[in-house]
Structure formats: structure tokens, C-alpha cells
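Enquirer: Hey, dropping query10.txt in here, compact mmCIF, C-alpha atoms:
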# COMPACT_ATOMS: atom_id res chain seq x y z
CA MET B 1 -23.25 13.77 14.81
CA LYS B 2 -19.81 13.63 13.21
CA ALA B 3 -16.74 13.42 15.37
CA VAL B 4 -14.50 16.38 14.53
CA ALA B 5 -10.81 15.54 14.75
CA GLY B 6 -7.78 15.79 12.56
CA PRO B 7 -6.76 12.59 10.75
CA GLY B 8 -4.35 10.31 12.57
CA PRO B 9 -1.63 7.89 11.42
CA VAL B 10 -3.37 4.56 12.02
CA VAL B 11 -5.21 2.53 9.35
CA VAL B 12 -7.52 -0.15 10.75
CA ASP B 13 -10.02 -2.60 9.30
CA VAL B 14 -13.64 -3.46 10.09
CA ALA B 15 -15.23 -6.78 10.97
CA GLY B 16 -17.90 -7.38 8.35
CA THR B 17 -20.20 -6.01 5.68
CA ARG B 18 -21.72 -3.41 8.03
CA LEU B 19 -20.25 -1.40 10.87
CA GLY B 20 -20.73 -2.75 14.36
CA ASP B 21 -20.46 -0.83 17.61
CA ASP B 22 -16.80 -1.80 18.08
CA ASP B 23 -16.02 -0.66 14.54
CA ARG B 24 -17.63 2.73 15.12
CA ARG B 25 -15.82 3.20 18.42
CA ARG B 26 -12.49 2.37 16.81
CA LEU B 27 -13.06 4.56 13.76
CA ALA B 28 -13.99 7.52 15.94
CA HIS B 29 -10.60 7.43 17.67
CA ARG B 30 -8.53 10.54 16.97
CA LEU B 31 -5.49 8.46 15.93
CA VAL B 32 -7.34 6.68 13.12
CA GLY B 33 -6.95 8.22 9.69
CA GLY B 34 -7.99 5.44 7.36
CA VAL B 35 -9.76 2.12 6.87
CA ILE B 36 -8.63 -0.84 4.78
CA LEU B 37 -11.29 -3.15 3.35
CA PHE B 38 -10.95 -6.87 2.65
CA ALA B 39 -12.93 -9.54 0.81
CA ARG B 40 -14.92 -10.23 3.99
CA ASN B 41 -16.27 -6.67 3.78
CA PHE B 42 -17.73 -7.22 0.31
CA THR B 43 -20.82 -9.01 -1.01
CA SER B 44 -21.97 -6.63 -3.75
CA LYS B 45 -21.36 -3.18 -5.18
CA ARG B 46 -24.50 -1.86 -3.48
CA GLN B 47 -23.48 -3.26 -0.10
CA VAL B 48 -19.89 -1.98 -0.22
CA SER B 49 -21.10 1.44 -1.39
CA ALA B 50 -23.35 1.64 1.67
CA LEU B 51 -20.46 0.57 3.91
CA CYS B 52 -18.17 3.23 2.44
CA ARG B 53 -20.85 5.92 2.84
CA GLU B 54 -21.22 5.01 6.50
CA ILE B 55 -17.46 5.13 7.05
CA ARG B 56 -17.20 8.48 5.27
CA GLY B 57 -20.01 9.91 7.39
CA LEU B 58 -18.35 9.17 10.72
CA ARG B 59 -15.67 11.85 10.72
CA ASP B 60 -14.91 15.35 9.53
CA PRO B 61 -12.44 15.45 7.85
CA ARG B 62 -13.50 12.03 6.64
CA LEU B 63 -11.47 8.87 6.92
CA LEU B 64 -9.71 7.58 3.81
CA ILE B 65 -10.73 4.17 2.51
CA PHE B 66 -8.11 1.79 1.09
CA VAL B 67 -8.16 -1.66 -0.50
CA ASP B 68 -5.70 -4.11 -2.06
CA HIS B 69 -7.10 -4.37 -5.58
CA GLU B 70 -4.17 -5.19 -7.88
CA GLY B 71 -5.66 -7.89 -10.08
CA GLY B 72 -5.06 -11.62 -10.27
CA ARG B 73 -5.03 -13.28 -6.86
CA VAL B 74 -5.01 -9.93 -5.05
CA GLN B 75 -8.41 -8.45 -5.89
CA ARG B 76 -10.70 -8.01 -2.89
CA PHE B 77 -13.89 -7.10 -4.73
CA ARG B 78 -15.14 -9.57 -7.36
CA LYS B 79 -18.86 -9.73 -8.17
CA GLY B 80 -19.80 -6.76 -10.33
CA PHE B 81 -16.16 -5.70 -10.79
CA THR B 82 -13.96 -6.35 -13.81
CA ALA B 83 -11.87 -9.49 -13.31
CA LEU B 84 -8.32 -8.14 -13.56
CA LYS B 85 -5.47 -10.32 -14.83
CA PRO B 86 -2.20 -10.56 -12.89
CA MET B 87 0.22 -7.76 -13.73
CA ARG B 88 2.71 -10.26 -15.14
CA THR B 89 0.41 -10.56 -18.18
CA LEU B 90 1.19 -6.92 -19.00
CA GLY B 91 4.90 -7.72 -18.87
CA GLU B 92 4.36 -10.67 -21.19
CA GLN B 93 2.42 -8.39 -23.54
CA TRP B 94 5.34 -5.92 -23.42
CA ASP B 95 7.70 -8.60 -24.69
CA LEU B 96 5.43 -8.99 -27.75
CA ASP B 97 4.22 -5.42 -28.30
CA PRO B 98 5.37 -2.63 -25.94
CA LEU B 99 2.89 -0.05 -27.22
CA ALA B 100 -0.06 -2.40 -26.81
CA ALA B 101 1.12 -3.22 -23.28
CA CYS B 102 1.27 0.47 -22.39
CA ARG B 103 -2.24 1.06 -23.72
CA GLU B 104 -3.56 -1.91 -21.79
CA ALA B 105 -1.81 -0.82 -18.58
CA THR B 106 -3.43 2.61 -18.85
CA GLU B 107 -6.84 1.01 -19.41
CA VAL B 108 -6.33 -1.26 -16.39
CA GLY B 109 -5.51 1.76 -14.24
CA GLN B 110 -8.63 3.56 -15.43
CA THR B 111 -10.75 0.49 -14.71
CA ILE B 112 -9.39 0.09 -11.19
CA GLY B 113 -9.85 3.77 -10.40
CA ARG B 114 -13.28 4.15 -11.99
CA GLU B 115 -14.80 1.06 -10.37
CA LEU B 116 -13.37 1.72 -6.91
CA ARG B 117 -14.28 5.41 -6.95
CA ALA B 118 -17.85 4.48 -7.87
CA VAL B 119 -18.30 2.65 -4.57
CA GLY B 120 -16.44 5.19 -2.44
CA VAL B 121 -12.87 3.81 -2.16
CA ASP B 122 -10.06 6.39 -2.21
CA LEU B 123 -7.03 4.27 -3.07
CA SER B 124 -5.95 0.81 -4.13
CA PHE B 125 -2.50 -0.27 -2.94
CA THR B 126 -1.12 -0.63 -6.45
CA PRO B 127 1.15 -0.84 -8.47
CA VAL B 128 3.51 -3.58 -7.35
CA LEU B 129 7.00 -2.38 -8.30
CA ASP B 130 8.85 -5.52 -7.21
CA LEU B 131 10.96 -7.22 -9.87
CA ASP B 132 10.06 -10.71 -11.04
CA TYR B 133 13.13 -12.78 -10.18
CA GLY B 134 11.05 -15.96 -10.10
CA ALA B 135 12.09 -16.49 -6.47
CA SER B 136 9.35 -14.97 -4.31
CA SER B 137 6.10 -16.93 -4.09
CA VAL B 138 4.32 -14.07 -2.32
CA ILE B 139 5.13 -11.72 -5.22
CA GLY B 140 5.16 -14.10 -8.20
CA ASP B 141 2.80 -12.98 -10.97
CA ARG B 142 1.93 -9.79 -9.08
CA ALA B 143 5.12 -8.29 -10.59
CA PHE B 144 5.10 -6.74 -14.06
CA HIS B 145 8.50 -7.93 -15.27
CA HIS B 146 12.09 -8.74 -14.31
CA ASP B 147 13.48 -5.61 -16.02
CA PRO B 148 13.19 -2.48 -13.81
CA ARG B 149 12.83 -0.28 -16.92
CA VAL B 150 9.79 -2.24 -18.08
CA VAL B 151 8.34 -2.21 -14.56
CA ALA B 152 8.69 1.57 -14.39
CA LEU B 153 7.15 2.18 -17.81
CA LEU B 154 4.16 -0.11 -17.25
CA ALA B 155 3.65 1.28 -13.74
CA ARG B 156 3.75 4.82 -15.15
CA CYS B 157 1.00 3.89 -17.61
CA LEU B 158 -1.10 2.23 -14.91
CA ASN B 159 -0.62 5.27 -12.66
CA HIS B 160 -1.69 7.51 -15.54
CA GLY B 161 -4.89 5.50 -15.87
CA LEU B 162 -5.55 5.80 -12.16
CA LEU B 163 -4.97 9.55 -12.27
CA LEU B 164 -7.31 9.90 -15.27
CA SER B 165 -10.01 8.33 -13.11
CA GLY B 166 -9.22 10.68 -10.20
CA MET B 167 -7.34 8.16 -8.04
CA ALA B 168 -3.83 8.32 -6.60
CA ASN B 169 -1.49 5.30 -6.43
CA CYS B 170 0.81 3.48 -4.01
CA GLY B 171 3.96 1.72 -5.18
CA LYS B 172 5.08 -1.31 -3.19
CA HIS B 173 7.16 -2.94 -1.66
CA PHE B 174 10.12 -0.54 -1.34
CA PRO B 175 12.98 -1.09 -2.02
CA GLY B 176 11.98 -4.49 -3.42
CA HIS B 177 10.53 -7.81 -2.23
CA GLY B 178 11.04 -9.82 -5.42
CA TYR B 179 14.53 -11.19 -4.68
CA ALA B 180 13.82 -12.51 -1.17
CA ARG B 181 12.15 -15.93 -1.11
CA ALA B 182 10.40 -15.83 2.28
CA ASP B 183 6.84 -14.55 2.75
CA SER B 184 6.89 -11.66 5.21
CA HIS B 185 3.39 -12.62 6.41
CA HIS B 186 4.93 -15.67 8.08
CA GLU B 187 8.70 -15.09 8.49
CA VAL B 188 11.39 -12.45 8.04
CA PRO B 189 12.67 -12.34 4.44
CA ILE B 190 16.40 -11.64 4.07
CA ASP B 191 18.05 -10.06 1.02
CA GLU B 192 21.84 -10.24 1.30
CA ARG B 193 22.65 -7.92 -1.61
CA ASP B 194 24.46 -4.61 -1.16
CA LEU B 195 22.93 -1.14 -1.23
CA GLU B 196 24.09 -0.10 -4.69
CA THR B 197 22.83 -3.30 -6.31
CA ILE B 198 19.38 -2.89 -4.76
CA VAL B 199 19.12 0.84 -5.48
CA GLY B 200 20.40 0.37 -9.03
CA ARG B 201 17.84 -2.34 -9.86
CA ASP B 202 14.96 -3.00 -7.48
CA ALA B 203 14.52 0.55 -6.17
CA ALA B 204 15.19 2.23 -9.53
CA PRO B 205 11.49 2.47 -10.54
CA TYR B 206 10.77 4.57 -7.44
CA GLY B 207 13.23 7.19 -8.64
CA TRP B 208 12.21 7.01 -12.29
CA LEU B 209 8.51 7.43 -11.52
CA GLY B 210 9.18 10.73 -9.75
CA ASP B 211 6.13 12.86 -9.01
CA THR B 212 3.80 10.35 -10.69
CA LEU B 213 4.15 8.19 -7.57
CA SER B 214 1.66 9.31 -4.90
CA ALA B 215 2.50 6.94 -2.06
CA VAL B 216 4.94 4.16 -1.19
CA MET B 217 4.62 1.06 0.98
CA PRO B 218 7.96 -0.30 2.26
CA ALA B 219 8.76 -4.00 2.54
CA HIS B 220 9.07 -6.00 5.75
CA VAL B 221 12.36 -7.32 4.36
CA VAL B 222 15.78 -7.13 6.05
CA TYR B 223 18.74 -6.09 3.90
CA PRO B 224 21.58 -6.79 6.38
CA GLN B 225 24.30 -5.13 4.32
CA VAL B 226 22.33 -1.87 4.68
CA ASP B 227 20.50 -2.09 8.03
CA SER B 228 19.55 -4.74 10.57
CA ALA B 229 15.98 -3.40 10.64
CA PRO B 230 13.37 -4.32 8.00
CA ALA B 231 13.00 -1.54 5.43
CA GLY B 232 9.70 -0.33 6.88
CA PHE B 233 11.45 0.36 10.21
CA SER B 234 14.69 1.74 8.75
CA PRO B 235 15.54 5.47 8.62
CA ILE B 236 18.31 4.54 6.20
CA TRP B 237 15.87 3.15 3.66
CA LEU B 238 12.98 5.56 4.22
CA GLN B 239 14.80 8.83 4.85
CA GLN B 240 18.29 8.55 3.39
CA VAL B 241 17.38 6.50 0.31
CA LEU B 242 13.68 7.05 -0.47
CA ARG B 243 13.35 10.68 0.63
CA ASP B 244 16.86 12.11 0.14
CA ARG B 245 18.45 10.06 -2.62
CA LEU B 246 15.35 9.27 -4.71
CA GLY B 247 13.53 12.51 -3.89
CA PHE B 248 10.17 10.99 -2.96
CA ARG B 249 7.82 13.53 -1.34
CA GLY B 250 4.53 11.63 -1.07
CA MET B 251 2.93 9.53 1.66
CA ILE B 252 4.72 6.51 3.16
CA LEU B 253 2.35 3.83 4.47
CA SER B 254 3.66 0.82 6.38
CA ASP B 255 2.80 -2.71 5.43
CA ASP B 256 0.60 -4.53 7.94
CA LEU B 257 2.20 -4.37 11.39
CA THR B 258 0.58 -7.66 12.44
CA MET B 259 2.71 -9.59 9.91
CA GLU B 260 5.33 -11.92 11.35
CA ALA B 261 8.21 -9.95 9.85
CA ALA B 262 7.10 -6.85 11.77
CA ALA B 263 7.52 -8.61 15.12
CA TRP B 264 11.17 -7.55 14.95
CA ALA B 265 10.19 -4.26 16.59
CA GLY B 266 8.32 -5.66 19.62
CA ASP B 267 4.68 -5.27 20.62
CA MET B 268 2.16 -3.37 18.53
CA VAL B 269 2.87 0.02 20.10
CA ALA B 270 6.62 -0.48 19.67
CA ARG B 271 6.11 -1.50 16.03
CA ALA B 272 4.11 1.62 15.29
CA ARG B 273 6.60 3.87 17.07
CA ALA B 274 9.50 2.29 15.18
CA ALA B 275 7.77 2.63 11.80
CA LEU B 276 6.69 6.23 12.40
CA SER B 277 10.11 7.21 13.76
CA ALA B 278 11.79 5.66 10.72
CA GLY B 279 9.73 7.78 8.35
CA CYS B 280 6.35 6.15 7.78
CA ASP B 281 3.44 8.60 7.78
CA MET B 282 0.79 5.96 8.48
CA VAL B 283 0.76 2.42 9.86
CA LEU B 284 -1.61 -0.44 9.02
CA VAL B 285 -3.02 -2.83 11.64
CA CYS B 286 -5.08 -5.55 9.97
CA ASN B 287 -7.18 -8.57 10.97
CA GLN B 288 -6.50 -8.38 14.71
CA PRO B 289 -8.83 -5.79 16.31
CA GLN B 290 -7.50 -6.44 19.80
CA LEU B 291 -4.05 -5.35 18.61
CA ALA B 292 -5.54 -2.26 16.97
CA ASP B 293 -7.13 -1.35 20.30
CA GLN B 294 -3.80 -1.95 22.06
CA LEU B 295 -2.11 0.41 19.63
CA LEU B 296 -4.76 3.13 19.86
CA SER B 297 -4.64 3.12 23.66
CA GLY B 298 -0.85 3.19 23.89
CA LEU B 299 0.42 5.35 21.03
CA ARG B 300 1.35 9.00 21.51
CA TRP B 301 1.67 10.91 18.25
CA ARG B 302 1.97 14.44 16.90
CA ALA B 303 1.33 15.10 13.21
CA PRO B 304 4.58 15.84 11.35
CA ARG B 305 4.80 18.86 9.07
CA GLY B 306 2.92 18.29 5.82
CA PHE B 307 1.08 15.19 7.05
CA ALA B 308 -2.44 16.48 6.42
CA ALA B 309 -1.53 17.69 2.92
CA ARG B 310 0.09 14.36 2.00
CA LEU B 311 -2.96 12.51 3.30
CA ASP B 312 -5.37 14.76 1.43
CA ALA B 313 -3.47 14.15 -1.81
CA LEU B 314 -4.56 10.49 -1.61
CA ARG B 315 -8.28 11.30 -1.57
CA ALA B 316 -10.14 10.29 -4.73
CA ARG B 317 -11.12 13.37 -6.71
Kindly present the structure from the file in C-alpha cells form.
Expert:
Amino acid sequence: MKAVAGPGPVVVDVAGTRLGDDDRRRLAHRLVGGVILFARNFTSKRQVSALCREIRGLRDPRLLIFVDHEGGRVQRFRKGFTALKPMRTLGEQWDLDPLAACREATEVGQTIGRELRAVGVDLSFTPVLDLDYGASSVIGDRAFHHDPRVVALLARCLNHGLLLSGMANCGKHFPGHGYARADSHHEVPIDERDLETIVGRDAAPYGWLGDTLSAVMPAHVVYPQVDSAPAGFSPIWLQQVLRDRLGFRGMILSDDLTMEAAAWAGDMVARARAALSAGCDMVLVCNQPQLADQLLSGLRWRAPRGFAARLDALRAR
């Protein structure tokens, strides 16, 4: 029998290729609103389809299913899926033939959306909107280009392809992770530039993409000239800049709260509270189920106005 509960703000993962008892218990919790899948959850299209069907059948309204499936080194599902090139190749194609690059970006978006929808996934966390400064190893060839105008145009084409396949999109990592060298999985990246420089370059694609951008994932990067908190915990970045200045109205999903750069906010409950208070709609807790349980037992949350509608807009159509 399905558990009947409104969707919550927490996105968790599952242990393997099938749901275990602990997975089902966690996914039935009223605070859980989504599931993120990883390579460990995939062996074949048939298997992952069955896993997604089981996840979808647990709740009403159903949980959303997410995956990082950008292409290149960040593509969780392989066998039976199109091998996607890194997004930098589209930027290189742009430098030779902009129209061909736009056509290819649209086709890539359609491929991602079509193949993920076929197995039951709602959303891939793509496109990467970070600029390619050649400094960040964690971003690297995941970025389209160093020019924010090219990034915005190629991302718009990729988003169009996703939308043609019935899938929404999620731009990341706001306001930009490409300039900072450190990897936020392991340490706190610092970007010393001022607000106007960052908004005028790195964050510009978020404004230019307008309503074609469905969701945004902020960076676990500190911009000390703007705020001492990483962007994903900063009301300045999420509310004053992203919402008010750039006019973004979609869903804001945190990056993984178990990453080292998120430890700035304290324990897992404190991290979630800080991210949600700053303006995130949902928070991700990945690869550490004991911390997910800690969060679910300690978090108190009331759905903000418009939350359910923003969440529903991410469901694959």
C-alpha cells in the first residue's frame, strides 16, 4: 500500500540495484521528496527501469528521481546508453561552426532526456553553466566554454532538447565554480572576486536563460567579498542575486550536503537548516545513509509557498 504524504525537501540515495528494507523505510519518510541514483545503482536498462518503477510505486504523490548524467566523466548510466562526450567538445565545435554546435547541443539534450525518461528518471542535473577558466580540475571539460555568451547559447540549445523530450533541466553551480581551483568535495573553494565581476560573467547565463531554466544548483564555494557563507548557504546569493536580481523562479536544489565544503554549517541537520533558510527548496544527502537518517530524524520543516508546484514542474512529462 502506498504511503500518502506530501513531498518533502530531502533528496536521498539508495544502496544498490534493488531496494532494501532500509531504503524503503527511508524513502517512506514524509521529509523525503526525491531520490538520486549513482553508477552503483545501475547494471542495465532493464534493471534500472525496475528500480525506478519500485521507487515510483512507494509514494503518492510519487518521489522524483534524479541522476547526474552530463556526459564525459559524469555519466552514471553507461551500458545501453549513448556515450556522451564532455560538454567542452560542444564549445570547441562552436569555435569552428556555431550553428552546427547549436544543432548538436539540441540533439544531446534530446538524447539525454529520451534515454533517461525511458527508464523512469525525471531529471538529470545538467547543464553545467560554469565557465572554463582552465583552473578548476573538478569542472574542467564539464564546462562548455570560457565565454559566458557561448555557455548560455549552448545551454539554451541543450535545454531545448531536454524540453522536447519532456524533461526539465538544472543549471549548476551558481554563481560559478569554474574560477575557484579547489574541489568542494574535499575542501572549501575560495573565489576572491567581487560581486559585480561574478554577476557580470559567471552568473550571467542564469539571467540570460530566463524561464528556460527549470532548476538551479548552487556551488559550495565561498566568495568572501560577497558573503562568508558558501553560495548554497547564502541568502545574499540565493535570494538577493538569484531570485531578486536575476529573476529566477524555479526550484533551487543544494549540492550534496555531505561534501567537505558544506561542513561550514555544522552537523547534517544544521547544514540542511542553513541551506533551506538561505533559499534552497531541496537538499541532497548522498553516499552516507547514517547522515541521511540523522537529518530525517532531526529536521523540522514546513513547505514554503509554491514548493509543490515547483517540484511538480521537474517531473518528466
Enquirer: Scan for residues within 12 Å of the point (-15.7, 0.3, 17.2) in the coordinates of the file, using all atoms listed in the file, and reply as a list in words.
Expert: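 So the residues meeting the distance criterion are Val12, Asp13, Val14, Ala15, Gly16, Arg18, Leu19, Gly20, Asp21, Asp22, Asp23, Arg24, Arg25, Arg26, Leu27, Ala28, His29, Val32, Ile55, Leu58, Pro289, Gln290, Ala292, Asp293 and Leu296 of chain B.
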Enquirer: If we draw a sphere of 10 Å around (12.5, 4.6, 3.5), which residues have at least one atom in it when counting all atoms listed in the file? Please report them as a list in words.
Expert: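 Checked against the point, the hits come out as Phe174, Pro175, Val216, Met217, Pro218, Ala219, Ala231, Gly232, Phe233, Ser234, Pro235, Ile236, Trp237, Leu238, Gln239, Gln240, Val241, Leu242, Arg243, Asp244, Leu246, Phe248, Ile252, Ala275, Ala278, Gly279 and Cys280 of chain B.
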Enquirer: In Å to one decimal, how far is CA of Glu107 in chain B from CA of Arg149 in chain B?
Expert: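 According to the coordinates, CA of Arg149 in chain B and CA of Glu107 in chain B are separated by 19.9 Å.
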Enquirer: Which residue gives the smallest distance to Arg245 in chain B among B:Val199, B:Ile65, B:Ala270, B:Ala263, with all atoms listed in the file counted?
Expert: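 Of all the options, B:Val199 lies closest to Arg245 in chain B.
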Enquirer: Write out as a list in words the residues lying within 12 Å of Thr82 in chain B, counting all atoms listed in the file and excluding same-chain residues fewer than 5 positions away.
Expert: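 Result of the neighbour search: Lys45, His69, Glu70, Gly71, Gly72, Gln75, Arg76, Phe77, Glu107, Val108, Gly109, Gln110, Thr111, Ile112, Gly113, Arg114, Glu115 and Leu116 of chain B.
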Enquirer: If we count all atoms listed in the file, what is near Val74 in chain B at a cut-off of 12 Å, once residues fewer than 3 positions away on the same chain are taken out, given as JSON, numbers by chain?
Expert: {"B": [38, 39, 67, 68, 69, 70, 71, 77, 78, 83, 84, 85, 86, 87, 124, 125, 126, 127, 128, 138, 139, 140, 141, 142, 143]}
Enquirer: Choose the residue, out of B:Leu213, B:Leu257, B:Leu51, B:Met251, that has the smallest atom-to-atom separation from Pro230 in chain B; count all atoms listed in the file.
Expert: B:Leu257
Enquirer: Of the candidates B:Leu311, B:Ala303, B:Ala101, B:Val11, which shows the shortest atom-to-atom distance to Leu153 in chain B, using only C-alpha atoms?
Expert: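 Of B:Leu311, B:Ala303, B:Ala101, B:Val11, the one nearest Leu153 in chain B, counting only C-alpha atoms, is B:Ala101.
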Enquirer: B:Val226, B:Leu90, B:Leu129, B:Val121: which is nearest Arg53 in chain B, counting all atoms listed in the file?
Expert: B:Val121
Enquirer: Any idea what's packed within 10 Å of Cys102 in chain B, counting all atoms listed in the file, ignoring anything in its chain fewer than 6 positions away? Could you give it as a PDB file with C-alpha atoms, in the frame of the given file?
Expert:
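After the write, around_10.pdb holds the following:
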ATOM      1  CA  LEU B  90       1.190  -6.920 -19.000  1.00  0.00           C
ATOM      2  CA  GLY B  91       4.900  -7.720 -18.870  1.00  0.00           C
ATOM      3  CA  GLN B  93       2.420  -8.390 -23.540  1.00  0.00           C
ATOM      4  CA  TRP B  94       5.340  -5.920 -23.420  1.00  0.00           C
ATOM      5  CA  VAL B 108      -6.330  -1.260 -16.390  1.00  0.00           C
ATOM      6  CA  VAL B 150       9.790  -2.240 -18.080  1.00  0.00           C
ATOM      7  CA  LEU B 153       7.150   2.180 -17.810  1.00  0.00           C
ATOM      8  CA  LEU B 154       4.160  -0.110 -17.250  1.00  0.00           C
ATOM      9  CA  ALA B 155       3.650   1.280 -13.740  1.00  0.00           C
ATOM     10  CA  ARG B 156       3.750   4.820 -15.150  1.00  0.00           C
ATOM     11  CA  CYS B 157       1.000   3.890 -17.610  1.00  0.00           C
ATOM     12  CA  LEU B 158      -1.100   2.230 -14.910  1.00  0.00           C
TER      13      LEU B 158
END
Enquirer: May I have the residues within 9 Å of Leu284 in chain B as a PyMOL selection string, using only C-alpha atoms and disregarding those fewer than 6 positions away in the same chain?
Expert: chain B and resi 9-13+34-36+253-258+272
Enquirer: Go through B:Leu164, B:Ala100, B:Ala262, B:Leu63 one by one, measure the shortest atom-to-atom distance of each to Ala229 in chain B using all atoms listed in the file, and give the residue with the smallest value.
Expert: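 Between B:Leu164, B:Ala100, B:Ala262, B:Leu63, the residue approaching Ala229 in chain B most closely is B:Ala262.
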Enquirer: What does the distance from CA of Val222 in chain B to CA of Ala261 in chain B come to in Å, to one decimal?
Expert: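 Between CA of Val222 in chain B and CA of Ala261 in chain B the gap works out to 8.9 Å.
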Enquirer: Report the distance between CA of Gly166 in chain B and CA of Arg317 in chain B in Å, rounded to one decimal place.
Expert: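 So the answer is 4.8 Å.
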Enquirer: Nearest residue to Gln47 in chain B out of B:Arg73, B:Gly120, B:Tyr223, B:Gly298, using all atoms listed in the file?
Expert: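 With all atoms listed in the file as the atom set, the closest residue is B:Gly120.
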Enquirer: Around all listed atoms of range 59-76 of chain B, padded 6 Å per side, what centre and edge lengths does the axis-aligned box have in Å to one decimal, as lines of an AutoDock Vina configuration file?
Expert:
center_x = -9.9
center_y = 1.1
center_z = 0.2
size_x = 23.5
size_y = 40.7
size_z = 33.0
